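Reviewing the structure listed below.
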Amino acid sequence: MKNQLVKEVAVLAILAVLGRTDPVYAGWQKQEDSWKYEQDGAWARDHWIQDESGWYYLGQDEKMAVGWRKIGGYWYFFNPISDGTCGRMMTGWQWVDGRCYYLAQTGNIYPEGAMYRGERTPDGYQVNDNGAWTDDKGNVMEICGKGILTNTIQGKVNGNTVLSGKGRSGSGSGGHGNGNKNSKNSNGNSGNGSKSDVSGSEESVNSSRNNEKNNEEGKEAINIAATSSNARMTDWYVYFVDEDTHQTLLAKTRQGEIKDGESLVLNFQERIVDQKGQVWESVIKPPFILEVYGPGDQIFYIEYHLAGTLKADRDPHQNEKERLKSWLETAKEQEEKLTGEDTLSIPDSRFFVSGQKENDGRLLTAAGQIPDFEECALYVIGINMEPNGRILKDFYREEITYSEQMEDRFELDGNIYTVVRFSVEKREIKEEKEDKEDNNYLWKDPETVHHWDLGDVMSGEIYGVTYTFRCIDQNYSDQAGNHRQGALFLCDSVIPADFGSSYSYERLEDGSYGYVFCPGPIVNFGESNDYKYSNIRKWLQKTEENFPYAKDIDIGTSVAYAGSTDLNMYSQFQESDLKGSPIGNQKLTGKLFVLSVDEAFKYRDWLWRFNGSEEENPQSQTGTFSNGYWLRNPMGTSWEYDSDFVYAVDLANGTIRPMGILPEGETEDEELGVTCPVGVRPAFVMPQE
């Protein structure tokens with residue numbers, strides 16, 4: 001980025017001749033002992049800059065920021081070491097002056113790069129009001145001399161995790177080796193190559209930052225070395241990637257567990273040949289040796305450069321390609337019978353689907369062309385998904401009957417292809433079907449209820465209040481993965497956390513009279529984030545007698561999660577945003593329950609829909625005590641999941657995220673002091689023919 005010495009000498013020579021001191025070209029320029037950035041004929045000031053290696057900040061003095069800086073009310077840390085990335089904004093876990101700080105890796109809760117303060121980080125560790133990692137008792141975890149030393153910077157960054165020999169530095173928890181920061185947020189601003197001005201003042205570096213942290217701390221830090229008695233176990237991951245983008249995974253990820261402070265020694269292949277016959281050679285020589293320090297998952301990258309291509313006598317995937325070609329020919333022959341088109345004019349793309357919307361569009365388009373009282377075969381080829389016909393039943397109801405058969409499944413070019421054949425028949429409707437919304441089923445004997453359809457509704461009474469439940473799955477599979485003859489019904493509304501709460505007019509301690517708050521049964525999740533002992537389960541258990549024919553199913557939680565989905569994504573969230581950790585099988589059954597995180601993934605289209613709406617309408621439910629609703633899974637890892645956090649569907653922000661089981665902080669309002677803003681959305685399973 002900054003090694004432009006020849007160009008700079010030439011420019012400075014011209015400036016000397018002309019007698020000018022103003023910058024004459026855009027980009028980074030070395031001015032005396034600091035770097036500046038010329039933009040639009042002037043030096044950038046109070047401004048974010050992004051280049052191919054990451055984000056940088058120019059202060060009021062027009063100089064590139066290094067070390068700690070407070071910008072827009074948040075603390076950021078800019079690499080102060082001359083290693084090729086000096087001045088780059090750092091993210092993830094970073095050791096600085098012997099203490100460990102977490103700098104936001106995404107812009108979900110904090111702006112990207114901003115330091116977390118006074119709360120738990122996304123991977124479950126506690127930091128104090130000054131951002132330093134602490135143990136459960138609030139003691140600062142400090143190792144003198146560890147990490148980047150802001151007062152005595154020498155050589156290169158300790159703990160370099162991008163193993164390329166190029167002087168790049170990465171984070172011990174995810175790093176930022178790929179330099180992809182096209183969504184940085186600070187005070188609502190975003191940038192693509194350049195950063196809009198950030199409102200708010202920026203404060204001085206290093207010494208003032210350290211003085212402020214020491215003054216804020218108010219107590220002497222405790223030095224804790226990583227000994228066999230207090231060192232915690234840390235998960236490590238090693239990715240084998242291309243050196244340019246880190247987007248090409250060249251070998252299976254290696255992972256394991258190691259004590260904090262121990263050295264990781266790993267042998268690996270120096271030469272890898274990928275599926276395309278390309279030869280990759282490692283930038284460094286094995287073995288890989290690195291001292292590991294927590295907290296957080298430790299992620300490392302071993303880089304490879306492209307060295308050449310092998311000559312292949314025969315395509316190793318020829319058989320799979322021929323299978324795909326054969327199925328496309330069969331699909332086109334059936335399509336010709338339906339539409340009358342020439343098979344040569346039918347594009348291959350018509351049969352491929354890679355998501356539920358594409359799947360539904362393909363089936364509805366084809367089914368709409370089937371003549372009445374005729375049967376036709378349709379083919380759908382799923383790419384990394386299994387095609388399904390649920391949309392046919394939802395849309396046509398009794399006008400269509402269909403069956404589906406998986407014909408083939410194989411892998412090609414890293415994708416899984418699934419071929420499904422649908423036999424679809426349109427038939428005459430002798431009488432108009434009763435409107436589902438008017439057919440609000442009550443609790444009948446299950447022998448008289450033969451079949452439940454998506455959208456069917458039932459009524460159930462919970463502590464004297466009648467709620468409507470809607471069928472969202474005709475073939476429910478419980479927590480143990482057992483497919484049963486059952487239909488899942490989800491409540492059409494959120495029951496607020498202050499349900500059953502009231503005020504009574506009583507004599508107070510001072511002898512006067514006033515209103516006293518009487519909390520209801522579900523004001524918060526409970527004293528533990530274990531659903532088995534939660535207020536919610538106890539409350540639902542007491543009303544299960546009002547749901548006599550609901551099935552008793554496995555509802556034990558066996559997985560804890562870390563992370564949260566992106567804000568305002570609603571049903572379009574990415575499951576990969578949440579990382580699951582097994583915590584052991586829990587034996588627990590019930591008739592009335594709340595959804596798990598896994599079930600939230602499966603029924604994502606229903607999470608923000610209420611009262612039979614075809615569109616997401618969370619605003620119909622949000623309130624002081626119903627800004628979301630609880631799920632069953634705790635937040636945490638396989639060894640530490642008693643975190644006082646449990647997952648919830650956030651209606652106001654369109655995300656699935658961990659929320660505290662108890663109210664946040666103290667307040668003068670007695671009701672808000674004991675009640676969480678998270679409600680309950682119960683579900684049950686009915687027998688299905």
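Going through the structure tokens in order, the chains are called A, B, and so on, while each chain numbers its residues from 1 and the ligands are numbered from 1 in the order shown.
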Among region 286-351 of chain A, which ones does DSSP place in strand (DSSP E or B), written as a VMD selection string?
chain A and resid 288 to 291 298 to 309
So that I can check the surroundings of Trp327 (chain A), please list as a short mmCIF file (atom, residue, chain, number, x, y, z; two decimals) with N, CA, C and O atoms, in the first residue's frame every protein, DNA and RNA residue that reaches within 9 Å of it, counting only C-alpha atoms and ignoring chain neighbours fewer than 2 positions away.
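To be explicit, this is the file written out as selection_12.cif:
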```
data_model
loop_
_atom_site.label_atom_id
_atom_site.label_comp_id
_atom_site.auth_asym_id
_atom_site.auth_seq_id
_atom_site.Cartn_x
_atom_site.Cartn_y
_atom_site.Cartn_z
N GLU A 322 -22.28 -37.11 -16.74
CA GLU A 322 -23.15 -37.88 -17.63
C GLU A 322 -24.48 -38.19 -16.96
O GLU A 322 -25.53 -38.19 -17.61
N ARG A 323 -24.45 -38.46 -15.63
CA ARG A 323 -25.71 -38.68 -14.90
C ARG A 323 -26.59 -37.44 -14.95
O ARG A 323 -27.80 -37.53 -15.18
N LEU A 324 -25.99 -36.28 -14.72
CA LEU A 324 -26.76 -35.04 -14.74
C LEU A 324 -27.34 -34.79 -16.13
O LEU A 324 -28.52 -34.40 -16.27
N LYS A 325 -26.55 -35.03 -17.16
CA LYS A 325 -27.03 -34.83 -18.53
C LYS A 325 -28.20 -35.76 -18.84
O LYS A 325 -29.19 -35.35 -19.47
N GLU A 329 -32.17 -34.72 -19.82
CA GLU A 329 -32.87 -35.20 -21.01
C GLU A 329 -34.23 -35.79 -20.64
O GLU A 329 -35.24 -35.54 -21.31
N THR A 330 -34.27 -36.57 -19.54
CA THR A 330 -35.54 -37.14 -19.08
C THR A 330 -36.52 -36.04 -18.68
O THR A 330 -37.71 -36.10 -19.00
N ALA A 331 -36.02 -35.04 -17.95
CA ALA A 331 -36.87 -33.94 -17.50
C ALA A 331 -37.45 -33.17 -18.69
O ALA A 331 -38.62 -32.78 -18.69
N LYS A 332 -36.64 -32.96 -19.73
CA LYS A 332 -37.10 -32.22 -20.91
C LYS A 332 -38.14 -33.02 -21.69
O LYS A 332 -39.09 -32.45 -22.26
N TYR A 379 -40.11 -32.78 -13.14
CA TYR A 379 -38.80 -33.02 -12.53
C TYR A 379 -38.23 -31.71 -11.99
O TYR A 379 -38.33 -30.66 -12.62
N ILE A 381 -34.55 -30.44 -9.97
CA ILE A 381 -33.19 -30.84 -9.56
C ILE A 381 -32.68 -29.81 -8.56
O ILE A 381 -32.45 -28.64 -8.92
N ASP A 408 -32.45 -39.65 -7.60
CA ASP A 408 -30.99 -39.76 -7.60
C ASP A 408 -30.40 -38.63 -6.76
O ASP A 408 -31.02 -37.59 -6.56
N VAL A 419 -32.27 -35.18 -7.47
CA VAL A 419 -33.28 -35.25 -8.53
C VAL A 419 -34.57 -35.81 -7.94
O VAL A 419 -34.58 -36.92 -7.38
#
```
Closest of A:Asn617, A:Ser534, A:Asn611, A:Ser282 to Leu631 (chain A), counting only C-alpha atoms, is A:Ser534
Wanna dump the region 261-349 of chain A-region 239-255 of chain A contacts at 12 Å for me, each residue with its shortest atom pair and the distance in Å to one decimal, counting only C-alpha atoms, ordered by chain and number, as JSON lines?
```
{"residue": "A:Leu264", "atom": "CA", "partner": "A:Gln255", "partner_atom": "CA", "distance": 11.0}
{"residue": "A:Val265", "atom": "CA", "partner": "A:Arg254", "partner_atom": "CA", "distance": 11.9}
{"residue": "A:Leu266", "atom": "CA", "partner": "A:Arg254", "partner_atom": "CA", "distance": 9.2}
{"residue": "A:Asn267", "atom": "CA", "partner": "A:Arg254", "partner_atom": "CA", "distance": 10.5}
{"residue": "A:Phe268", "atom": "CA", "partner": "A:Phe240", "partner_atom": "CA", "distance": 9.2}
{"residue": "A:Gln269", "atom": "CA", "partner": "A:Ala251", "partner_atom": "CA", "distance": 9.2}
{"residue": "A:Glu270", "atom": "CA", "partner": "A:Phe240", "partner_atom": "CA", "distance": 10.6}
{"residue": "A:Arg271", "atom": "CA", "partner": "A:Leu250", "partner_atom": "CA", "distance": 10.2}
{"residue": "A:Ile272", "atom": "CA", "partner": "A:Leu250", "partner_atom": "CA", "distance": 7.2}
{"residue": "A:Val273", "atom": "CA", "partner": "A:Leu250", "partner_atom": "CA", "distance": 8.3}
{"residue": "A:Asp274", "atom": "CA", "partner": "A:Leu250", "partner_atom": "CA", "distance": 6.7}
{"residue": "A:Gln275", "atom": "CA", "partner": "A:Leu250", "partner_atom": "CA", "distance": 9.4}
{"residue": "A:Lys276", "atom": "CA", "partner": "A:Leu250", "partner_atom": "CA", "distance": 11.2}
{"residue": "A:Gly277", "atom": "CA", "partner": "A:Leu250", "partner_atom": "CA", "distance": 11.8}
{"residue": "A:Gln278", "atom": "CA", "partner": "A:Leu250", "partner_atom": "CA", "distance": 10.3}
{"residue": "A:Val279", "atom": "CA", "partner": "A:Leu250", "partner_atom": "CA", "distance": 10.2}
{"residue": "A:Trp280", "atom": "CA", "partner": "A:Asp242", "partner_atom": "CA", "distance": 8.2}
{"residue": "A:Glu281", "atom": "CA", "partner": "A:Asp242", "partner_atom": "CA", "distance": 9.5}
{"residue": "A:Ser282", "atom": "CA", "partner": "A:Phe240", "partner_atom": "CA", "distance": 8.9}
{"residue": "A:Val283", "atom": "CA", "partner": "A:Glu243", "partner_atom": "CA", "distance": 8.2}
{"residue": "A:Ile284", "atom": "CA", "partner": "A:Glu243", "partner_atom": "CA", "distance": 11.2}
{"residue": "A:Phe288", "atom": "CA", "partner": "A:Phe240", "partner_atom": "CA", "distance": 11.9}
{"residue": "A:Asp297", "atom": "CA", "partner": "A:Gln255", "partner_atom": "CA", "distance": 10.2}
{"residue": "A:Gln298", "atom": "CA", "partner": "A:Gln255", "partner_atom": "CA", "distance": 9.6}
{"residue": "A:Ile299", "atom": "CA", "partner": "A:Tyr239", "partner_atom": "CA", "distance": 7.7}
{"residue": "A:Phe300", "atom": "CA", "partner": "A:Tyr239", "partner_atom": "CA", "distance": 6.3}
{"residue": "A:Tyr301", "atom": "CA", "partner": "A:Tyr239", "partner_atom": "CA", "distance": 4.9}
{"residue": "A:Ile302", "atom": "CA", "partner": "A:Phe240", "partner_atom": "CA", "distance": 5.0}
{"residue": "A:Glu303", "atom": "CA", "partner": "A:Glu243", "partner_atom": "CA", "distance": 4.8}
{"residue": "A:Tyr304", "atom": "CA", "partner": "A:Asp242", "partner_atom": "CA", "distance": 4.9}
{"residue": "A:His305", "atom": "CA", "partner": "A:Glu243", "partner_atom": "CA", "distance": 5.9}
{"residue": "A:Leu306", "atom": "CA", "partner": "A:Asp242", "partner_atom": "CA", "distance": 7.8}
{"residue": "A:Ala307", "atom": "CA", "partner": "A:Asp242", "partner_atom": "CA", "distance": 11.3}
```
Contacts of Asn568 (chain A) within 7 Å, only C-alpha atoms, excl. fewer than 5 positions in-chain, as a VMD selection string
chain A and resid 653 to 655
Counting only C-alpha atoms, the option among A:Leu328, A:Tyr467, A:Val292, A:Trp236 closest to Gly261 (chain A):
A:Val292
Tell me which of A:Ile661, A:Leu508, A:Val420, A:Ala652 sits closest to Pro634 (chain A), counting only C-alpha atoms.
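Closest to Pro634 (chain A) of all the choices is A:Ile661.
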